[in-house]
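One file, protein-v8.pdb, carrying PDB, C-alpha atoms:
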```
ATOM      1  CA  MET A 214     -67.544-214.289 -52.215
ATOM      2  CA  PRO A 215     -67.715-216.505 -55.284
ATOM      3  CA  GLN A 216     -68.424-213.591 -57.582
ATOM      4  CA  LEU A 217     -64.878-212.398 -57.050
ATOM      5  CA  ASP A 218     -63.333-215.609 -58.294
ATOM      6  CA  THR A 219     -61.767-214.329 -61.483
ATOM      7  CA  SER A 220     -61.140-217.713 -63.026
ATOM      8  CA  THR A 221     -64.640-217.818 -64.436
ATOM      9  CA  TRP A 222     -64.766-214.192 -65.497
ATOM     10  CA  PHE A 223     -63.406-214.847 -68.949
ATOM     11  CA  THR A 224     -66.002-217.488 -69.786
ATOM     12  CA  THR A 225     -68.883-215.393 -68.482
ATOM     13  CA  ILE A 226     -67.847-212.254 -70.306
ATOM     14  CA  MET A 227     -67.114-214.076 -73.534
ATOM     15  CA  THR A 228     -70.520-215.721 -73.462
ATOM     16  CA  MET A 229     -72.360-212.552 -72.606
ATOM     17  CA  LEU A 230     -70.825-210.514 -75.389
ATOM     18  CA  PRO A 231     -72.225-212.474 -78.319
ATOM     19  CA  THR A 232     -75.501-213.039 -76.500
ATOM     20  CA  LEU A 233     -76.123-209.404 -75.890
ATOM     21  CA  TYR A 234     -74.538-207.828 -78.919
ATOM     22  CA  LEU A 235     -75.290-210.466 -81.522
ATOM     23  CA  ILE A 236     -78.103-212.836 -80.731
ATOM     24  CA  THR A 237     -80.543-210.566 -78.924
ATOM     25  CA  GLN A 238     -79.993-207.773 -81.413
ATOM     26  CA  LEU A 239     -80.445-210.074 -84.394
ATOM     27  CA  LYS A 240     -83.648-211.430 -82.887
ATOM     28  CA  LEU A 241     -84.984-207.949 -82.288
ATOM     29  CA  LEU A 242     -84.012-206.883 -85.800
ATOM     30  CA  ASN A 243     -85.920-209.771 -87.284
ATOM     31  CA  THR A 244     -89.202-208.914 -85.626
ATOM     32  CA  ASN A 245     -91.358-207.121 -88.135
ATOM     33  CA  HIS A 246     -93.508-204.415 -86.714
ATOM     34  CA  TYR A 247     -96.441-204.317 -89.071
ATOM     35  CA  GLN A 248     -98.483-201.180 -89.271
ATOM     36  CA  PRO A 249    -102.245-201.663 -89.309
ATOM     37  CA  PRO A 250    -103.291-201.770 -92.950
ATOM     38  CA  PRO A 251    -104.374-198.345 -94.225
ATOM     39  CA  THR A 252    -107.997-198.089 -95.314
ATOM     40  CA  LYS A 253    -108.300-197.788 -99.071
ATOM     41  CA  ASN A 254    -109.683-194.515-100.371
ATOM     42  CA  SER A 255    -112.554-195.560-102.624
ATOM     43  CA  ASN A 256    -113.197-192.093-104.029
ATOM     44  CA  LEU A 257    -110.200-192.157-106.340
ATOM     45  CA  GLN A 258    -111.156-191.930-109.985
ATOM     46  CA  SER A 259    -109.191-194.059-112.359
ATOM     47  CA  HIS A 260    -106.992-191.652-114.263
ATOM     48  CA  GLY A 261    -108.252-192.827-117.669
ATOM     49  CA  ILE A 262    -111.574-191.037-117.344
ATOM     50  CA  ARG A 263    -111.382-187.335-117.964
ATOM     51  CA  TRP A 264    -114.552-185.500-117.425
ATOM     52  CA  GLN A 265    -115.758-183.679-120.472
ATOM     53  CA  PRO A 266    -117.747-180.564-119.763
ATOM     54  CA  LYS A 267    -120.318-181.448-122.360
ATOM     55  CA  TRP A 268    -121.344-184.398-120.235
ATOM     56  CA  THR A 269    -122.096-182.057-117.373
ATOM     57  CA  LYS A 270    -123.967-179.896-119.742
ATOM     58  CA  THR A 271    -125.968-182.832-120.853
ATOM     59  CA  CYS A 272    -126.832-183.974-117.350
ATOM     60  CA  LEU A 273    -127.340-180.579-115.737
ATOM     61  CA  PRO A 274    -128.550-178.254-118.459
ATOM     62  CA  LEU A 275    -129.502-175.417-116.106
ATOM     63  CA  SER A 276    -126.109-175.243-114.287
ATOM     64  CA  GLN A 277    -123.890-174.584-117.312
ATOM     65  CA  PRO A 278    -125.579-171.847-119.302
ATOM     66  CA  GLN A 279    -122.338-170.367-120.787
ATOM     67  CA  GLN A 280    -121.172-173.519-122.488
ATOM     68  CA  SER A 281    -122.700-174.439-125.723
TER
ATOM     69  CA  MET B 163     -72.394-221.152 -42.957
ATOM     70  CA  ASN B 164     -70.838-218.487 -45.086
ATOM     71  CA  GLU B 165     -69.870-220.881 -47.803
ATOM     72  CA  ASN B 166     -73.263-222.542 -47.840
ATOM     73  CA  LEU B 167     -74.964-219.223 -48.173
ATOM     74  CA  PHE B 168     -73.024-218.060 -51.200
ATOM     75  CA  THR B 169     -72.813-221.275 -53.171
ATOM     76  CA  PRO B 170     -75.804-220.403 -55.373
ATOM     77  CA  PHE B 171     -73.745-217.553 -56.762
ATOM     78  CA  SER B 172     -70.734-219.529 -57.865
ATOM     79  CA  THR B 173     -70.684-220.260 -61.567
ATOM     80  CA  PRO B 174     -72.227-223.664 -62.147
ATOM     81  CA  THR B 175     -70.343-226.493 -63.754
ATOM     82  CA  ILE B 176     -71.674-229.716 -65.169
ATOM     83  CA  LEU B 177     -69.024-232.434 -65.164
ATOM     84  CA  ASN B 178     -66.407-229.714 -64.810
ATOM     85  CA  GLN B 179     -67.601-227.959 -67.968
ATOM     86  CA  PRO B 180     -68.871-224.428 -67.521
ATOM     87  CA  ALA B 181     -72.643-224.441 -67.559
ATOM     88  CA  THR B 182     -72.775-220.676 -67.681
ATOM     89  CA  ILE B 183     -72.556-220.739 -71.459
ATOM     90  CA  PRO B 184     -75.981-222.298 -72.120
ATOM     91  CA  ILE B 185     -77.433-220.472 -69.119
ATOM     92  CA  ILE B 186     -76.494-217.069 -70.478
ATOM     93  CA  LEU B 187     -77.557-217.992 -73.998
ATOM     94  CA  PHE B 188     -80.930-219.351 -72.908
ATOM     95  CA  PRO B 189     -82.993-216.161 -72.323
ATOM     96  CA  ALA B 190     -82.194-214.955 -75.812
ATOM     97  CA  THR B 191     -83.962-217.996 -77.218
ATOM     98  CA  LEU B 192     -87.177-216.882 -75.536
ATOM     99  CA  VAL B 193     -87.462-213.820 -77.746
ATOM    100  CA  LEU B 194     -89.889-214.916 -80.430
ATOM    101  CA  THR B 195     -89.353-213.784 -83.984
ATOM    102  CA  SER B 196     -91.992-214.408 -86.564
ATOM    103  CA  LYS B 197     -92.511-213.155 -90.064
ATOM    104  CA  HIS B 198     -96.291-213.447 -90.004
ATOM    105  CA  PRO B 199     -98.295-210.237 -89.739
ATOM    106  CA  ILE B 200    -100.612-211.868 -87.202
ATOM    107  CA  ASN B 201     -98.988-214.053 -84.578
ATOM    108  CA  ASN B 202    -100.198-216.115 -81.712
ATOM    109  CA  ARG B 203    -100.926-214.473 -78.376
ATOM    110  CA  LEU B 204     -97.552-214.961 -76.787
ATOM    111  CA  ALA B 205     -95.660-213.539 -79.714
ATOM    112  CA  THR B 206     -98.046-210.607 -79.985
ATOM    113  CA  ILE B 207     -97.763-209.800 -76.285
ATOM    114  CA  GLN B 208     -94.009-209.960 -76.425
ATOM    115  CA  GLN B 209     -93.803-207.862 -79.554
ATOM    116  CA  ASN B 210     -96.153-205.242 -78.143
ATOM    117  CA  LEU B 211     -94.184-205.035 -74.914
ATOM    118  CA  ILE B 212     -90.959-204.543 -76.801
ATOM    119  CA  GLN B 213     -92.538-201.885 -78.997
ATOM    120  CA  LEU B 214     -93.926-200.122 -75.930
ATOM    121  CA  THR B 215     -90.577-199.994 -74.142
ATOM    122  CA  LEU B 216     -88.861-198.934 -77.344
ATOM    123  CA  LYS B 217     -91.174-195.983 -77.843
ATOM    124  CA  GLN B 218     -91.055-194.932 -74.193
ATOM    125  CA  MET B 219     -87.292-195.063 -74.046
ATOM    126  CA  MET B 220     -86.387-193.440 -77.265
ATOM    127  CA  MET B 221     -88.912-190.623 -77.189
ATOM    128  CA  THR B 222     -86.592-188.274 -75.370
ATOM    129  CA  HIS B 223     -83.660-188.670 -77.721
ATOM    130  CA  ASN B 224     -82.854-186.793 -80.877
ATOM    131  CA  ALA B 225     -82.040-188.507 -84.145
ATOM    132  CA  LYS B 226     -78.449-189.193 -83.186
ATOM    133  CA  GLY B 227     -79.419-190.782 -79.885
ATOM    134  CA  GLN B 228     -82.028-192.914 -81.577
ATOM    135  CA  THR B 229     -79.343-194.818 -83.427
ATOM    136  CA  TRP B 230     -78.744-196.493 -80.080
ATOM    137  CA  SER B 231     -82.316-197.777 -79.857
ATOM    138  CA  LEU B 232     -81.496-201.360 -80.849
ATOM    139  CA  MET B 233     -78.705-201.524 -78.310
ATOM    140  CA  LEU B 234     -80.828-200.195 -75.470
ATOM    141  CA  THR B 235     -83.823-202.362 -76.320
ATOM    142  CA  SER B 236     -81.723-205.496 -76.423
ATOM    143  CA  LEU B 237     -80.109-204.446 -73.140
ATOM    144  CA  ILE B 238     -83.364-204.072 -71.290
ATOM    145  CA  THR B 239     -84.748-207.277 -72.795
ATOM    146  CA  PHE B 240     -81.660-209.237 -71.854
ATOM    147  CA  ILE B 241     -81.456-207.982 -68.286
ATOM    148  CA  ALA B 242     -85.187-208.313 -67.604
ATOM    149  CA  MET B 243     -85.360-211.861 -68.965
ATOM    150  CA  THR B 244     -82.244-212.936 -67.105
ATOM    151  CA  ASN B 245     -83.470-211.469 -63.835
ATOM    152  CA  LEU B 246     -86.941-212.970 -64.126
ATOM    153  CA  LEU B 247     -85.612-216.416 -64.955
ATOM    154  CA  GLY B 248     -83.352-216.197 -61.945
ATOM    155  CA  LEU B 249     -86.363-216.124 -59.649
ATOM    156  CA  LEU B 250     -87.062-219.789 -60.347
ATOM    157  CA  PRO B 251     -85.814-222.070 -57.597
ATOM    158  CA  TYR B 252     -82.389-223.607 -58.057
ATOM    159  CA  SER B 253     -81.641-221.456 -61.086
ATOM    160  CA  PHE B 254     -78.486-219.494 -61.706
ATOM    161  CA  THR B 255     -78.769-215.787 -62.422
ATOM    162  CA  PRO B 256     -75.932-214.499 -64.562
ATOM    163  CA  THR B 257     -76.591-210.918 -63.506
ATOM    164  CA  THR B 258     -75.347-211.745 -60.022
ATOM    165  CA  GLN B 259     -71.896-212.076 -61.526
ATOM    166  CA  LEU B 260     -69.916-208.894 -61.204
ATOM    167  CA  SER B 261     -67.920-209.896 -64.271
ATOM    168  CA  MET B 262     -70.905-209.786 -66.569
ATOM    169  CA  ASN B 263     -72.293-206.540 -65.208
ATOM    170  CA  LEU B 264     -68.938-204.815 -65.472
ATOM    171  CA  ALA B 265     -68.563-206.075 -69.007
ATOM    172  CA  MET B 266     -71.991-204.642 -69.820
ATOM    173  CA  ALA B 267     -71.595-201.342 -68.024
ATOM    174  CA  ILE B 268     -68.083-200.249 -68.991
ATOM    175  CA  PRO B 269     -68.357-200.495 -72.796
ATOM    176  CA  LEU B 270     -71.793-198.867 -72.875
ATOM    177  CA  TRP B 271     -70.781-196.003 -70.605
ATOM    178  CA  ALA B 272     -67.522-195.549 -72.483
ATOM    179  CA  GLY B 273     -69.480-195.489 -75.722
ATOM    180  CA  THR B 274     -71.730-192.688 -74.525
ATOM    181  CA  VAL B 275     -68.757-190.673 -73.280
ATOM    182  CA  MET B 276     -66.896-191.126 -76.535
ATOM    183  CA  VAL B 277     -69.926-190.132 -78.581
ATOM    184  CA  GLY B 278     -70.157-186.972 -76.535
ATOM    185  CA  LEU B 279     -66.477-186.175 -76.751
ATOM    186  CA  ARG B 280     -66.351-186.748 -80.457
ATOM    187  CA  PHE B 281     -69.402-184.888 -81.670
ATOM    188  CA  LYS B 282     -70.031-182.245 -79.029
ATOM    189  CA  THR B 283     -66.661-181.826 -77.387
ATOM    190  CA  LYS B 284     -67.207-178.465 -75.744
ATOM    191  CA  ASN B 285     -70.677-179.373 -74.549
ATOM    192  CA  SER B 286     -69.720-182.683 -73.006
ATOM    193  CA  LEU B 287     -66.696-181.194 -71.296
ATOM    194  CA  ALA B 288     -68.880-178.378 -70.015
ATOM    195  CA  HIS B 289     -70.923-180.963 -68.121
ATOM    196  CA  LEU B 290     -67.955-181.260 -65.808
ATOM    197  CA  LEU B 291     -68.713-177.906 -64.232
ATOM    198  CA  PRO B 292     -72.196-177.058 -62.956
ATOM    199  CA  GLN B 293     -73.542-173.622 -63.726
ATOM    200  CA  GLY B 294     -73.165-170.811 -61.304
ATOM    201  CA  THR B 295     -70.287-172.090 -59.216
ATOM    202  CA  PRO B 296     -68.202-169.430 -57.501
ATOM    203  CA  THR B 297     -64.778-169.006 -59.117
ATOM    204  CA  PRO B 298     -62.516-170.221 -56.274
ATOM    205  CA  LEU B 299     -64.354-173.533 -56.159
ATOM    206  CA  ILE B 300     -63.882-174.342 -59.848
ATOM    207  CA  PRO B 301     -60.748-176.573 -59.701
ATOM    208  CA  MET B 302     -62.130-178.650 -56.882
ATOM    209  CA  LEU B 303     -65.482-179.029 -58.552
ATOM    210  CA  VAL B 304     -63.939-180.176 -61.822
ATOM    211  CA  VAL B 305     -62.104-182.887 -59.917
ATOM    212  CA  ILE B 306     -65.265-183.926 -58.128
ATOM    213  CA  GLU B 307     -67.308-184.014 -61.313
ATOM    214  CA  THR B 308     -64.615-186.038 -63.087
ATOM    215  CA  ILE B 309     -64.596-188.572 -60.293
ATOM    216  CA  SER B 310     -68.379-188.802 -60.376
ATOM    217  CA  LEU B 311     -68.176-189.357 -64.127
ATOM    218  CA  LEU B 312     -65.568-192.076 -63.797
ATOM    219  CA  ILE B 313     -67.532-193.851 -61.118
ATOM    220  CA  GLN B 314     -70.669-194.187 -63.271
ATOM    221  CA  PRO B 315     -69.827-197.566 -64.890
ATOM    222  CA  VAL B 316     -68.731-199.063 -61.586
ATOM    223  CA  ALA B 317     -71.926-197.837 -59.958
ATOM    224  CA  LEU B 318     -74.040-199.300 -62.760
ATOM    225  CA  ALA B 319     -72.432-202.720 -62.450
ATOM    226  CA  VAL B 320     -72.315-202.900 -58.685
ATOM    227  CA  ARG B 321     -75.887-201.647 -58.349
ATOM    228  CA  LEU B 322     -77.262-204.436 -60.498
ATOM    229  CA  THR B 323     -75.087-207.119 -58.908
ATOM    230  CA  ALA B 324     -75.792-206.090 -55.348
ATOM    231  CA  ASN B 325     -79.534-205.711 -55.768
ATOM    232  CA  ILE B 326     -80.097-209.060 -57.402
ATOM    233  CA  THR B 327     -77.657-210.875 -55.109
ATOM    234  CA  ALA B 328     -79.176-209.360 -51.991
ATOM    235  CA  GLY B 329     -82.679-210.259 -53.075
ATOM    236  CA  HIS B 330     -81.804-213.849 -53.794
ATOM    237  CA  LEU B 331     -79.865-214.162 -50.563
ATOM    238  CA  LEU B 332     -82.784-212.830 -48.566
ATOM    239  CA  MET B 333     -85.145-215.305 -50.166
ATOM    240  CA  HIS B 334     -82.773-218.172 -49.366
ATOM    241  CA  LEU B 335     -82.453-217.101 -45.747
ATOM    242  CA  ILE B 336     -86.140-216.637 -45.144
ATOM    243  CA  GLY B 337     -86.957-219.874 -46.913
ATOM    244  CA  ASN B 338     -84.498-221.775 -44.761
ATOM    245  CA  ALA B 339     -85.879-220.111 -41.672
ATOM    246  CA  ALA B 340     -89.437-221.073 -42.612
ATOM    247  CA  LEU B 341     -88.359-224.647 -43.191
ATOM    248  CA  ALA B 342     -86.548-224.872 -39.861
ATOM    249  CA  LEU B 343     -89.493-223.338 -38.069
ATOM    250  CA  SER B 344     -91.979-225.816 -39.516
ATOM    251  CA  THR B 345     -90.819-228.520 -37.111
ATOM    252  CA  ALA B 346     -90.529-226.245 -34.097
ATOM    253  CA  ASN B 347     -93.480-223.887 -34.045
ATOM    254  CA  PHE B 348     -95.977-224.073 -36.889
ATOM    255  CA  SER B 349     -97.756-220.747 -36.543
ATOM    256  CA  LEU B 350     -94.494-218.895 -37.073
ATOM    257  CA  THR B 351     -94.064-220.856 -40.259
ATOM    258  CA  LEU B 352     -97.200-219.283 -41.680
ATOM    259  CA  LEU B 353     -95.904-215.863 -40.852
ATOM    260  CA  THR B 354     -92.583-216.584 -42.432
ATOM    261  CA  SER B 355     -94.218-218.046 -45.506
ATOM    262  CA  THR B 356     -96.288-214.922 -45.929
ATOM    263  CA  LEU B 357     -93.098-212.951 -45.691
ATOM    264  CA  LEU B 358     -91.600-215.159 -48.354
ATOM    265  CA  THR B 359     -94.539-214.601 -50.685
ATOM    266  CA  LEU B 360     -94.326-210.870 -50.279
ATOM    267  CA  LEU B 361     -90.620-210.986 -50.838
ATOM    268  CA  THR B 362     -91.080-212.949 -54.033
ATOM    269  CA  ILE B 363     -93.458-210.322 -55.346
ATOM    270  CA  LEU B 364     -90.891-207.702 -54.427
ATOM    271  CA  GLU B 365     -88.220-209.644 -56.209
ATOM    272  CA  ILE B 366     -90.249-209.767 -59.387
ATOM    273  CA  ALA B 367     -90.576-206.028 -59.209
ATOM    274  CA  VAL B 368     -86.894-205.628 -58.441
ATOM    275  CA  ALA B 369     -85.942-207.801 -61.375
ATOM    276  CA  LEU B 370     -87.838-205.606 -63.765
ATOM    277  CA  ILE B 371     -86.874-202.375 -62.098
ATOM    278  CA  GLN B 372     -83.186-203.110 -62.148
ATOM    279  CA  ALA B 373     -83.303-203.781 -65.851
ATOM    280  CA  TYR B 374     -85.136-200.539 -66.296
ATOM    281  CA  VAL B 375     -82.779-198.538 -64.158
ATOM    282  CA  PHE B 376     -79.708-199.846 -65.904
ATOM    283  CA  THR B 377     -81.064-199.032 -69.288
ATOM    284  CA  LEU B 378     -82.435-195.706 -68.199
ATOM    285  CA  LEU B 379     -79.132-194.562 -66.860
ATOM    286  CA  VAL B 380     -77.277-195.566 -69.978
ATOM    287  CA  SER B 381     -79.920-193.724 -71.916
ATOM    288  CA  LEU B 382     -79.435-190.693 -69.708
ATOM    289  CA  TYR B 383     -75.713-190.678 -70.221
ATOM    290  CA  LEU B 384     -76.411-190.921 -73.915
ATOM    291  CA  HIS B 385     -78.807-188.031 -73.783
ATOM    292  CA  ASN B 386     -76.283-185.880 -72.072
ATOM    293  CA  ASN B 387     -73.790-186.616 -74.748
ATOM    294  CA  THR B 388     -75.764-186.303 -77.977
TER
END
```

If you convert what's in this file into structure tokens, what do you get?
Amino acid sequence: MPQLDTSTWFTTIMTMLPTLYLITQLKLLNTNHYQPPPTKNSNLQSHGIRWQPKWTKTCLPLSQPQQS
Amino acid sequence: MNENLFTPFSTPTILNQPATIPIILFPATLVLTSKHPINNRLATIQQNLIQLTLKQMMMTHNAKGQTWSLMLTSLITFIAMTNLLGLLPYSFTPTTQLSMNLAMAIPLWAGTVMVGLRFKTKNSLAHLLPQGTPTPLIPMLVVIETISLLIQPVALAVRLTANITAGHLLMHLIGNAALALSTANFSLTLLTSTLLTLLTILEIAVALIQAYVFTLLVSLYLHNNT
């Protein structure tokens, strides 16, 4: 059976080792698995605006009776 | 007859140089790597398949076992590609070589055993004795379990070699028979050709399944030992 001819074993094994452990692994490492882009939350207020209660009082005069 | 039958499995040489080197290296070049977020169809299919097998395989492992995920993914990719390319006519399949399969199986199996012995010594040694054995049987069972442990890498290698070799051999034989029958009795040729088609479909399945089985067993040995 030609598979048992050990003269070629060294070449085969020495070629397989870098192919499997080096080349295939490097190729798989270099594939980027991108996540689908997350949808942007448009409700975020910019942090510069701080709501002043007097503005609420101005807009909704009946809902803030205790503030003057 | 014997020598003619087995000549596809001898390592090929071109002008007395070993041609196995480019043949073994070739399937690795078919793995597409691309930095773009959106690739063409082939690259996307390939990437999705690899991601799918990665998730399926590594789901059952804990964090320590998942450090092996790159190794196992590259193993299944390599074996599947090599087996599938070997189904082309007149091609050489490196996985029919016992040398290569032994060189794949022994280090991986030894790695899983050593991981188990190093980090969970008591647990991995306890695998040598099944639960609930009656006391007089214990020495014999330890010997039997040790032998079954030591035979795992050999079984892995020989299983892959024998399955792929047998499949290819069968296809050669039936193809030759169909060709010889075409001059003698044509209706039998149709029957034999149908058989050949079915066998080819089987071989495609076998190619993939063998890759899967190899990797699954290594993964199982890893699971037992982490």

Which one of B:Ile366, B:Ile238, B:Leu260, B:Leu358 sits closest to chain A if you count all atoms listed in the file?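 Of B:Ile366, B:Ile238, B:Leu260, B:Leu358, the one nearest chain A is B:Leu260, counting all atoms listed in the file.
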
Compile the residues of chain A that lie within 12 Å of chain B, evaluated using all atoms listed in the file, and express the compilation as JSON, numbers by chain. {"A": [214, 215, 216, 217, 218, 219, 220, 221, 222, 223, 224, 225, 226, 227, 228, 229, 230, 231, 232, 233, 234, 235, 236, 237, 238, 239, 240, 241, 242, 243, 244, 245, 246, 247, 248, 249, 250]}

Just give me the gap between CA of Leu311 (chain B) and CA of Leu290 (chain B) in Å, one decimal is fine. 8.3 Å

What is the CA of Leu247 (chain B) to CA of Thr359 (chain B) distance in Å?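 One can read the CA of Leu247 (chain B) to CA of Thr359 (chain B) distance as 16.9 Å.
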
Calculate how many Å separate CA of Leu382 (chain B) from CA of Val304 (chain B), rounding to one decimal.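 Taking CA of Leu382 (chain B) and CA of Val304 (chain B), their separation equals 20.3 Å.
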